[in-house]
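**Q** File protein_19.cif follows (mmCIF, C-alpha atoms):
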```cif
data_target
#
loop_
_atom_site.label_atom_id
_atom_site.label_comp_id
_atom_site.auth_asym_id
_atom_site.auth_seq_id
_atom_site.Cartn_x
_atom_site.Cartn_y
_atom_site.Cartn_z
CA MET A 803 44.91 -155.65 3.31
CA TYR A 804 44.94 -152.39 5.15
CA SER A 805 43.45 -149.15 3.86
CA ALA A 806 45.38 -145.92 3.75
CA THR A 807 42.84 -143.40 4.93
CA ARG A 808 43.58 -141.43 8.06
CA THR A 809 40.76 -141.29 10.58
CA TRP A 810 40.37 -139.84 14.03
CA THR A 811 37.99 -140.57 16.85
CA VAL A 812 34.94 -138.43 17.44
CA ARG A 813 35.59 -137.97 21.17
CA ILE A 814 37.26 -134.60 21.40
CA VAL A 815 36.67 -132.34 24.39
CA ALA A 816 36.22 -128.74 23.22
CA ALA A 817 38.83 -126.55 24.89
CA ALA A 818 41.23 -123.73 24.14
CA VAL A 819 43.57 -125.18 21.55
CA LEU A 820 47.24 -124.32 21.82
CA PHE A 821 49.07 -124.23 18.51
CA ALA A 822 52.83 -124.48 19.05
CA LEU A 823 54.26 -122.86 15.93
CA GLY A 824 57.65 -124.39 16.49
CA ASN A 825 56.37 -127.90 17.12
CA ALA A 826 53.22 -128.26 15.03
CA THR A 827 52.64 -131.69 13.54
CA HIS A 828 51.78 -130.47 10.07
CA ALA A 829 52.86 -127.34 8.29
CA TRP A 830 52.56 -125.05 5.34
CA LEU A 831 55.76 -124.02 3.68
CA ALA A 832 57.54 -121.23 1.92
CA PRO A 833 57.13 -121.15 -1.89
CA HIS A 834 60.12 -122.52 -3.81
CA PRO A 835 60.99 -120.44 -6.89
CA ALA A 836 63.22 -123.08 -8.49
CA ALA A 837 60.51 -125.72 -8.89
CA THR A 838 58.57 -126.31 -12.08
CA LEU A 839 55.07 -127.70 -11.72
CA PRO A 840 51.74 -127.07 -13.48
CA THR A 841 50.42 -123.52 -13.33
CA GLN A 842 47.34 -123.03 -11.20
CA ALA A 843 44.16 -121.44 -12.50
CA ALA A 844 43.86 -117.67 -12.32
CA ALA A 845 43.02 -116.36 -8.85
CA GLY A 846 39.41 -115.36 -8.33
CA ALA A 847 38.04 -117.60 -11.09
CA THR A 848 35.10 -119.32 -9.47
CA ALA A 849 33.40 -122.51 -10.66
CA PRO A 850 30.19 -122.11 -12.69
CA VAL A 851 26.91 -122.13 -10.77
CA PRO A 852 24.50 -124.71 -12.23
CA ASN A 853 20.77 -124.24 -12.72
CA GLY A 854 19.31 -127.11 -10.73
CA LEU A 855 21.32 -130.22 -9.86
CA PRO A 856 24.63 -130.50 -11.74
CA ASP A 857 25.55 -133.37 -14.05
CA PHE A 858 28.90 -134.73 -12.90
CA THR A 859 29.33 -137.01 -15.91
CA PRO A 860 31.53 -134.58 -17.89
CA LEU A 861 33.76 -133.99 -14.85
CA VAL A 862 34.36 -137.70 -14.35
CA LYS A 863 35.06 -138.16 -18.04
CA GLN A 864 37.50 -135.25 -18.03
CA SER A 865 39.43 -136.16 -14.87
CA ALA A 866 39.19 -139.91 -14.23
CA SER A 867 41.94 -140.85 -16.67
CA ALA A 868 44.45 -138.87 -14.57
CA VAL A 869 43.41 -140.50 -11.27
CA VAL A 870 45.32 -143.61 -10.24
CA ASN A 871 44.95 -146.47 -7.78
CA LEU A 872 47.96 -147.12 -5.54
CA SER A 873 48.81 -150.50 -4.06
CA VAL A 874 51.56 -150.16 -1.47
CA THR A 875 53.65 -152.88 0.13
CA ARG A 876 55.51 -152.10 3.34
CA GLU A 877 56.85 -153.89 6.37
CA ARG A 878 54.24 -154.91 8.95
CA PRO A 879 55.50 -152.71 11.85
CA ALA A 880 54.61 -149.44 10.05
CA VAL A 881 51.01 -149.40 11.32
CA VAL A 882 50.53 -146.27 13.42
CA LEU A 883 51.47 -142.71 12.52
CA GLU A 884 52.42 -140.83 15.68
CA GLY A 885 52.42 -137.19 16.63
CA LEU A 886 48.73 -136.51 17.24
CA PRO A 887 47.08 -135.22 20.41
CA GLU A 888 46.25 -137.79 23.05
CA GLY A 889 43.31 -139.96 22.03
CA LEU A 890 43.74 -139.34 18.30
CA GLN A 891 45.38 -141.66 15.79
CA ARG A 892 45.76 -142.04 12.09
CA PHE A 893 45.95 -145.75 11.54
CA PHE A 894 46.06 -148.51 8.98
CA PRO A 895 43.60 -151.34 9.76
CA VAL A 896 45.53 -154.59 9.54
CA PRO A 897 43.95 -158.05 9.48
CA PRO A 898 44.88 -160.09 12.60
CA ASP A 899 46.39 -162.83 10.44
CA ALA A 900 48.48 -160.48 8.30
CA GLY A 901 52.01 -161.63 7.56
CA PRO A 902 55.31 -159.73 7.91
CA GLU A 903 54.34 -157.52 4.95
CA GLN A 904 51.15 -155.54 4.47
CA THR A 905 49.55 -154.24 1.32
CA GLY A 906 47.44 -151.10 1.41
CA VAL A 907 45.45 -149.12 -1.10
CA GLY A 908 45.22 -145.41 -1.76
CA SER A 909 44.67 -142.94 -4.54
CA GLY A 910 46.66 -140.29 -6.39
CA PHE A 911 46.52 -138.12 -9.49
CA VAL A 912 48.92 -137.22 -12.29
CA ILE A 913 50.10 -133.60 -12.22
CA GLU A 914 52.75 -133.84 -14.96
CA SER A 915 52.54 -135.85 -18.16
CA ASP A 916 55.99 -137.39 -17.66
CA GLY A 917 54.81 -139.36 -14.65
CA TYR A 918 54.72 -137.13 -11.55
CA ILE A 919 51.87 -138.16 -9.24
CA LEU A 920 50.58 -136.43 -6.11
CA THR A 921 49.23 -138.39 -3.15
CA ASN A 922 49.19 -138.41 0.66
CA ALA A 923 52.36 -139.02 2.62
CA HIS A 924 50.62 -141.56 4.84
CA VAL A 925 49.75 -143.62 1.76
CA VAL A 926 53.36 -144.19 0.62
CA ASP A 927 55.56 -143.39 3.62
CA GLY A 928 57.80 -146.36 4.37
CA ALA A 929 56.72 -148.20 1.24
CA ARG A 930 58.91 -150.98 -0.10
CA GLU A 931 57.02 -151.12 -3.38
CA ILE A 932 54.35 -148.90 -4.97
CA ASN A 933 52.22 -150.23 -7.80
CA VAL A 934 50.29 -147.66 -9.82
CA LYS A 935 47.24 -148.71 -11.81
CA PHE A 936 45.78 -146.34 -14.41
CA SER A 937 42.19 -146.12 -15.60
CA ASP A 938 43.07 -148.03 -18.78
CA LYS A 939 44.36 -150.94 -16.61
CA ARG A 940 48.02 -150.28 -17.34
CA GLU A 941 50.29 -150.72 -14.34
CA ARG A 942 53.63 -149.16 -13.45
CA THR A 943 55.98 -149.28 -10.48
CA ALA A 944 56.54 -145.88 -8.89
CA ARG A 945 59.48 -144.47 -6.99
CA VAL A 946 59.20 -141.91 -4.22
CA ILE A 947 60.53 -138.44 -5.06
CA GLY A 948 59.79 -137.04 -1.64
CA VAL A 949 57.55 -137.49 1.38
CA ASP A 950 56.57 -134.69 3.74
CA PRO A 951 54.75 -136.12 6.78
CA LEU A 952 54.20 -132.64 8.26
CA SER A 953 51.86 -131.70 5.42
CA ASP A 954 50.83 -135.28 4.58
CA ILE A 955 51.83 -134.77 0.94
CA ALA A 956 54.03 -137.04 -1.16
CA LEU A 957 55.33 -136.86 -4.72
CA ILE A 958 55.97 -140.09 -6.60
CA LYS A 959 56.94 -140.82 -10.21
CA VAL A 960 56.47 -143.53 -12.80
CA ASP A 961 58.51 -143.91 -15.99
CA ALA A 962 55.99 -142.82 -18.60
CA HIS A 963 55.29 -140.13 -21.16
CA ASP A 964 52.21 -138.28 -22.44
CA LEU A 965 50.06 -139.23 -19.47
CA PRO A 966 46.73 -137.45 -19.01
CA THR A 967 46.92 -134.83 -16.24
CA VAL A 968 44.43 -133.09 -13.99
CA LYS A 969 43.68 -129.38 -14.23
CA ILE A 970 45.04 -127.57 -11.18
CA GLY A 971 42.78 -124.96 -9.56
CA GLN A 972 43.06 -122.77 -6.48
CA ALA A 973 41.44 -123.48 -3.14
CA ASP A 974 40.82 -119.79 -2.46
CA THR A 975 38.15 -119.80 -5.18
CA LEU A 976 36.02 -122.20 -3.13
CA ARG A 977 32.84 -121.06 -1.42
CA VAL A 978 30.85 -122.82 1.29
CA GLY A 979 27.88 -124.58 -0.29
CA GLN A 980 29.33 -125.18 -3.74
CA TRP A 981 29.37 -128.63 -5.33
CA VAL A 982 32.56 -130.70 -5.42
CA LEU A 983 33.46 -134.17 -6.69
CA ALA A 984 35.90 -136.79 -5.41
CA ILE A 985 37.44 -139.58 -7.46
CA GLY A 986 39.45 -142.40 -5.87
CA SER A 987 39.57 -146.00 -4.74
CA PRO A 988 37.45 -146.42 -1.59
CA PHE A 989 38.07 -149.87 -0.06
CA GLY A 990 40.11 -150.63 -3.20
CA PHE A 991 37.22 -150.10 -5.63
CA GLU A 992 39.00 -148.28 -8.43
CA GLN A 993 37.70 -145.21 -10.27
CA SER A 994 34.87 -144.49 -7.85
CA ALA A 995 33.24 -141.05 -7.88
CA SER A 996 31.29 -139.35 -5.10
CA GLN A 997 29.88 -135.86 -4.74
CA GLY A 998 28.85 -133.35 -2.11
CA ILE A 999 29.31 -129.73 -1.13
CA VAL A 1000 31.96 -127.65 0.59
CA SER A 1001 30.89 -127.53 4.24
CA ALA A 1002 33.51 -125.15 5.65
CA LEU A 1003 36.80 -123.50 4.74
CA GLY A 1004 39.99 -122.86 6.67
CA ARG A 1005 39.20 -125.56 9.20
CA SER A 1006 41.92 -126.11 11.81
CA LEU A 1007 42.25 -129.64 13.16
CA PRO A 1008 44.10 -130.96 16.22
CA GLY A 1009 47.64 -131.87 15.20
CA ASP A 1010 47.35 -130.07 11.86
CA ALA A 1011 47.66 -126.46 12.97
CA TYR A 1012 49.26 -125.19 9.77
CA ILE A 1013 46.76 -126.61 7.25
CA PRO A 1014 43.52 -124.69 6.55
CA PHE A 1015 41.51 -127.77 5.60
CA VAL A 1016 38.59 -127.79 3.20
CA GLN A 1017 35.70 -129.53 4.98
CA THR A 1018 33.16 -131.33 2.78
CA ASP A 1019 30.28 -133.78 3.06
CA VAL A 1020 31.64 -135.81 0.13
CA PRO A 1021 31.60 -139.53 1.02
CA ILE A 1022 35.27 -140.41 1.61
CA ASN A 1023 36.36 -143.84 2.82
CA PRO A 1024 39.57 -145.83 3.36
CA GLY A 1025 41.38 -145.91 0.02
CA ASN A 1026 40.22 -142.42 -1.05
CA SER A 1027 43.29 -140.86 0.57
CA GLY A 1028 45.41 -138.97 -1.94
CA GLY A 1029 42.64 -138.63 -4.51
CA PRO A 1030 41.53 -135.28 -5.97
CA LEU A 1031 38.71 -133.00 -4.86
CA ILE A 1032 37.34 -131.34 -8.01
CA ASP A 1033 35.13 -128.29 -8.55
CA LEU A 1034 32.45 -127.91 -11.22
CA ALA A 1035 34.97 -126.35 -13.60
CA GLY A 1036 36.94 -129.61 -13.54
CA ARG A 1037 39.80 -128.17 -11.50
CA VAL A 1038 41.47 -129.97 -8.61
CA VAL A 1039 41.02 -127.83 -5.51
CA GLY A 1040 42.11 -130.27 -2.80
CA VAL A 1041 43.69 -133.60 -1.89
CA ASN A 1042 41.33 -135.84 0.09
CA SER A 1043 43.10 -136.74 3.30
CA GLN A 1044 41.05 -137.36 6.45
CA ILE A 1045 37.63 -138.24 7.80
CA TYR A 1046 36.05 -137.49 11.16
CA SER A 1047 34.75 -140.79 12.44
CA SER A 1048 34.15 -143.01 15.43
CA SER A 1049 33.95 -146.15 13.28
CA GLY A 1050 36.81 -145.78 10.79
CA ALA A 1051 34.34 -145.25 7.93
CA TYR A 1052 32.68 -142.14 6.52
CA GLN A 1053 30.18 -140.46 8.85
CA GLY A 1054 29.39 -137.27 7.00
CA VAL A 1055 32.50 -135.14 7.55
CA ALA A 1056 35.64 -135.24 5.38
CA PHE A 1057 38.67 -133.02 4.98
CA ALA A 1058 40.92 -132.17 2.05
CA ILE A 1059 44.30 -130.44 1.93
CA PRO A 1060 43.99 -127.27 -0.18
CA ILE A 1061 45.63 -127.76 -3.56
CA ASP A 1062 47.70 -124.60 -3.05
CA VAL A 1063 49.39 -126.20 -0.04
CA ALA A 1064 49.85 -129.51 -1.83
CA MET A 1065 51.39 -127.97 -4.95
CA GLN A 1066 53.81 -125.85 -2.94
CA VAL A 1067 54.95 -128.96 -1.08
CA ALA A 1068 55.26 -130.90 -4.33
CA ALA A 1069 57.35 -128.14 -5.90
CA GLN A 1070 59.88 -128.27 -3.08
CA LEU A 1071 59.92 -132.07 -3.00
CA LYS A 1072 60.64 -132.10 -6.72
CA ALA A 1073 63.41 -129.53 -6.46
CA ASP A 1074 65.09 -130.47 -3.18
CA GLY A 1075 63.43 -133.59 -1.80
CA LYS A 1076 62.46 -131.63 1.33
CA VAL A 1077 60.47 -128.56 2.35
CA THR A 1078 61.26 -125.26 4.04
CA ARG A 1079 58.89 -123.53 6.45
CA GLY A 1080 58.80 -120.26 8.32
CA TRP A 1081 58.97 -120.19 12.13
CA LEU A 1082 58.36 -117.63 14.89
CA GLY A 1083 58.74 -119.79 17.98
CA ILE A 1084 55.51 -118.97 19.81
CA GLY A 1085 52.54 -120.86 21.14
CA ILE A 1086 49.14 -119.29 20.50
CA GLN A 1087 45.67 -119.69 21.94
CA GLU A 1088 42.18 -118.96 20.67
CA LEU A 1089 40.40 -115.97 22.19
CA ASN A 1090 36.90 -116.17 23.66
CA GLN A 1091 34.69 -113.29 24.73
CA GLN A 1092 35.78 -113.50 28.35
CA LEU A 1093 39.46 -113.30 27.43
CA ALA A 1094 38.81 -110.52 24.93
CA THR A 1095 37.04 -108.46 27.58
CA SER A 1096 39.90 -108.95 30.02
CA PHE A 1097 42.29 -107.59 27.37
CA LYS A 1098 39.94 -104.63 26.67
CA LEU A 1099 38.97 -105.88 23.23
CA THR A 1100 35.41 -105.50 21.94
CA GLN A 1101 35.59 -108.70 19.85
CA PRO A 1102 37.42 -112.02 20.43
CA THR A 1103 39.55 -111.82 17.28
CA GLY A 1104 43.26 -112.41 16.86
CA ALA A 1105 45.81 -114.92 18.13
CA LEU A 1106 46.68 -114.75 21.82
CA VAL A 1107 50.38 -115.39 22.43
CA ALA A 1108 50.52 -118.01 25.19
CA SER A 1109 54.27 -118.67 25.18
CA VAL A 1110 57.46 -117.40 23.57
CA GLU A 1111 60.38 -119.75 23.04
CA PRO A 1112 63.71 -118.38 24.31
CA LYS A 1113 66.12 -117.12 21.62
CA SER A 1114 63.41 -117.55 18.97
CA PRO A 1115 62.59 -114.92 16.31
CA ALA A 1116 59.58 -113.87 18.38
CA ALA A 1117 61.69 -113.40 21.52
CA THR A 1118 64.28 -111.38 19.60
CA ALA A 1119 61.53 -109.14 18.19
CA GLY A 1120 60.10 -108.50 21.67
CA LEU A 1121 56.85 -110.46 21.54
CA ARG A 1122 55.50 -111.36 24.98
CA PRO A 1123 52.96 -113.79 26.40
CA GLY A 1124 49.66 -111.94 26.56
CA ASP A 1125 50.19 -110.13 23.27
CA ILE A 1126 47.37 -110.52 20.76
CA ILE A 1127 48.46 -110.70 17.12
CA GLN A 1128 45.77 -109.01 15.03
CA ARG A 1129 47.52 -108.70 11.67
CA TYR A 1130 50.42 -110.55 10.06
CA ASP A 1131 52.16 -108.96 7.10
CA GLY A 1132 49.08 -106.90 6.37
CA LYS A 1133 46.63 -109.81 6.63
CA ALA A 1134 43.98 -109.89 9.33
CA ILE A 1135 44.13 -112.66 11.94
CA VAL A 1136 40.51 -113.35 12.86
CA GLU A 1137 41.02 -116.68 14.60
CA ALA A 1138 44.16 -118.18 16.12
CA GLY A 1139 44.18 -120.84 13.42
CA ASP A 1140 44.65 -118.16 10.74
CA LEU A 1141 48.19 -117.42 11.88
CA PRO A 1142 50.13 -120.72 11.55
CA PRO A 1143 49.63 -121.16 7.77
CA LYS A 1144 50.72 -117.57 7.14
CA VAL A 1145 53.87 -117.95 9.23
CA ALA A 1146 54.81 -121.28 7.69
CA ALA A 1147 54.31 -119.90 4.16
CA THR A 1148 56.73 -117.05 4.85
CA PRO A 1149 60.25 -117.54 3.42
CA PRO A 1150 62.92 -117.73 6.15
CA GLY A 1151 64.78 -114.44 6.39
CA HIS A 1152 61.71 -112.38 5.51
CA ASP A 1153 60.82 -109.46 7.81
CA ALA A 1154 57.13 -109.77 8.72
CA ALA A 1155 55.17 -106.83 10.11
CA LEU A 1156 52.92 -107.69 13.05
CA GLU A 1157 50.09 -105.61 14.44
CA VAL A 1158 49.87 -106.48 18.13
CA TRP A 1159 47.38 -105.53 20.86
CA ARG A 1160 49.19 -104.95 24.16
CA ASN A 1161 48.05 -103.19 27.34
CA GLY A 1162 44.94 -101.82 25.69
CA GLN A 1163 46.61 -100.35 22.63
CA SER A 1164 47.85 -101.37 19.21
CA LEU A 1165 51.52 -101.36 18.27
CA GLY A 1166 53.65 -102.57 15.39
CA ILE A 1167 56.40 -105.18 15.76
CA ASP A 1168 58.71 -106.38 12.99
CA VAL A 1169 60.00 -109.93 13.25
CA THR A 1170 62.52 -111.76 11.07
CA VAL A 1171 61.07 -115.18 10.27
CA ALA A 1172 63.48 -118.10 10.70
CA ARG A 1173 63.54 -121.62 9.27
CA LEU A 1174 61.42 -124.14 11.16
CA PRO A 1175 63.87 -126.36 13.09
CA GLU A 1176 63.89 -129.99 12.07
CA ARG A 1177 62.34 -132.37 14.54
CA PRO A 1178 64.99 -134.48 16.29
CA ALA A 1179 65.11 -138.12 15.31
CA LYS A 1180 63.24 -140.38 17.69
CA LYS A 1181 65.51 -142.61 19.76
CA GLY A 1182 64.96 -146.23 20.53
#
```
Can the structure in the file be given as structure tokens, please?

**A**
Amino acid sequence: MYSATRTWTVRIVAAAVLFALGNATHAWLAPHPAATLPTQAAAGATAPVPNGLPDFTPLVKQSASAVVNLSVTRERPAVVLEGLPEGLQRFFPVPPDAGPEQTGVGSGFVIESDGYILTNAHVVDGAREINVKFSDKRERTARVIGVDPLSDIALIKVDAHDLPTVKIGQADTLRVGQWVLAIGSPFGFEQSASQGIVSALGRSLPGDAYIPFVQTDVPINPGNSGGPLIDLAGRVVGVNSQIYSSSGAYQGVAFAIPIDVAMQVAAQLKADGKVTRGWLGIGIQELNQQLATSFKLTQPTGALVASVEPKSPAATAGLRPGDIIQRYDGKAIVEAGDLPPKVAATPPGHDAALEVWRNGQSLGIDVTVARLPERPAKKG
């Protein structure tokens, strides 16, 4: 049995990270107005602050019935997911004596009572059969509605009615230091709960430039992938996806996809079976103090344009290498990693207003966002 949790090695050399907006591995997407999915909690509603240590018992009781265990059967060759920087892999551990088929475990949660379930793309991508086990021991076979490897989100469905559902929250209500709970199936142990705090927000990871991950210290292990991250108000605020590890098991750092990203992906998968993302066609680089000084900036904030793709929206608008994007559609760009999610979430055809620092002065540039080109099929 293999386990469907994505891990990556701890050996990463710190360097200036180049985010290629046109070729990023993972992406946010433009909202899809035609989709119908559960309404998220009101913006700005924060989770209650407990006096002393919180009691997670009510949260588990409230949410566990909507969390499912996934057993996935696929052909043996689908072991490695490609597209990460050199030295990094998301993998499925496979026993040496495994046969032509492999069975993996993961987690998911019900978002609609008629059987729609959210999970990670890497849990079900390429699956021949998906078995869903509920907390009451009932089992159903699921079919895939859509898989989006770029965001690592998948939507599957079972034939059922009146299923218990989770309460959907909003990731922008999270604060560093607040308590959160995870429910899933680590190593195949069903209905397991673990708790911790939010360690950081808006974390950019290599190969995932468009996803502002929620970093936590919640113990997450193989099999937790696709399970919910829940705040103290009982709302799902993230989808547990990755761990930072040199051993393949939890070592104190875990990452979840913000629920806002996941629900937008799910809405498009439900409506169209695919997603649409905005695209500028530039590569960007993080600023440091030395670079900022050379560009006559007092602080190293913004996204430094490192390259502009020919005939791209950015080239048409007049963006140049060496420009520093400080605001995008009225929103401040503090770090380079702030820009990709905002671009990808912009509907194609929308005119975005950029505030750019060039030659020691600020200027405005309007750019018409295009649709992110589809990656060409791999040959061979």

**Q** Just so the selection is clear, what residues does the PyMOL selection byres ((chain A and resi 1118) around 12) cover here, as a count of residues only?

**A** 21

**Q** For A:Asn1042, which residue among A:Gln997, A:Ser987, A:Ser1109, A:Asn1026 is the nearest when counting only C-alpha atoms?

**A**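 For A:Asn1042, the nearest of the candidates is A:Asn1026.
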
**Q** What is the distance, in Å and to one decimal place, between atom CA of A:Gly1036 and atom CA of A:Arg940?

**A** 23.8 Å

**Q** Write out as a PyMOL selection string which residues come within 12 Å of A:Arg1005 when counting all atoms listed in the file, dropping same-chain ones fewer than 4 positions away.

**A** chain A and resi 978+1000-1001+1010-1018+1055-1060+1137-1140+1143

**Q** Which polymer residues have any atom within 9 Å of an atom of stretch 956-967 of chain A, counting all atoms listed in the file, with same-chain residues fewer than 6 positions away left out, as a ChimeraX atom specification?

**A** /A:865,867-869,911-927,934,942-950,1028,1064,1067-1068,1071-1072

**Q** Quick one: distance from atom CA of A:Asp954 to atom CA of A:Pro1175 in Å, one decimal?

**A** 17.9 Å

**Q** One number please: atom CA of A:Gly906 to atom CA of A:Phe989, in Å, one decimal.

**A**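 For atom CA of A:Gly906 relative to atom CA of A:Phe989, the distance reads 9.6 Å.
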
**Q** Up to 7 Å from (32.0, -137.7, -8.9) in the file's coordinates: name the residues, counting all atoms listed in the file, as a ChimeraX atom specification.

**A** /A:858,862,983-985,995-997

**Q** Between A:Arg930, A:Gln1091, A:Gln980, A:Gly1029, single out the one closest to A:Asn871, counting all atoms listed in the file.

**A** A:Gly1029

**Q** Do you know which residues the PyMOL selection byres ((chain A and resi 1150) around 12) returns on this file, as JSON, numbers by chain?

**A** {"A": [831, 832, 833, 834, 1077, 1078, 1079, 1080, 1081, 1082, 1115, 1145, 1146, 1147, 1148, 1149, 1151, 1152, 1153, 1154, 1169, 1170, 1171, 1172, 1173, 1174, 1175]}
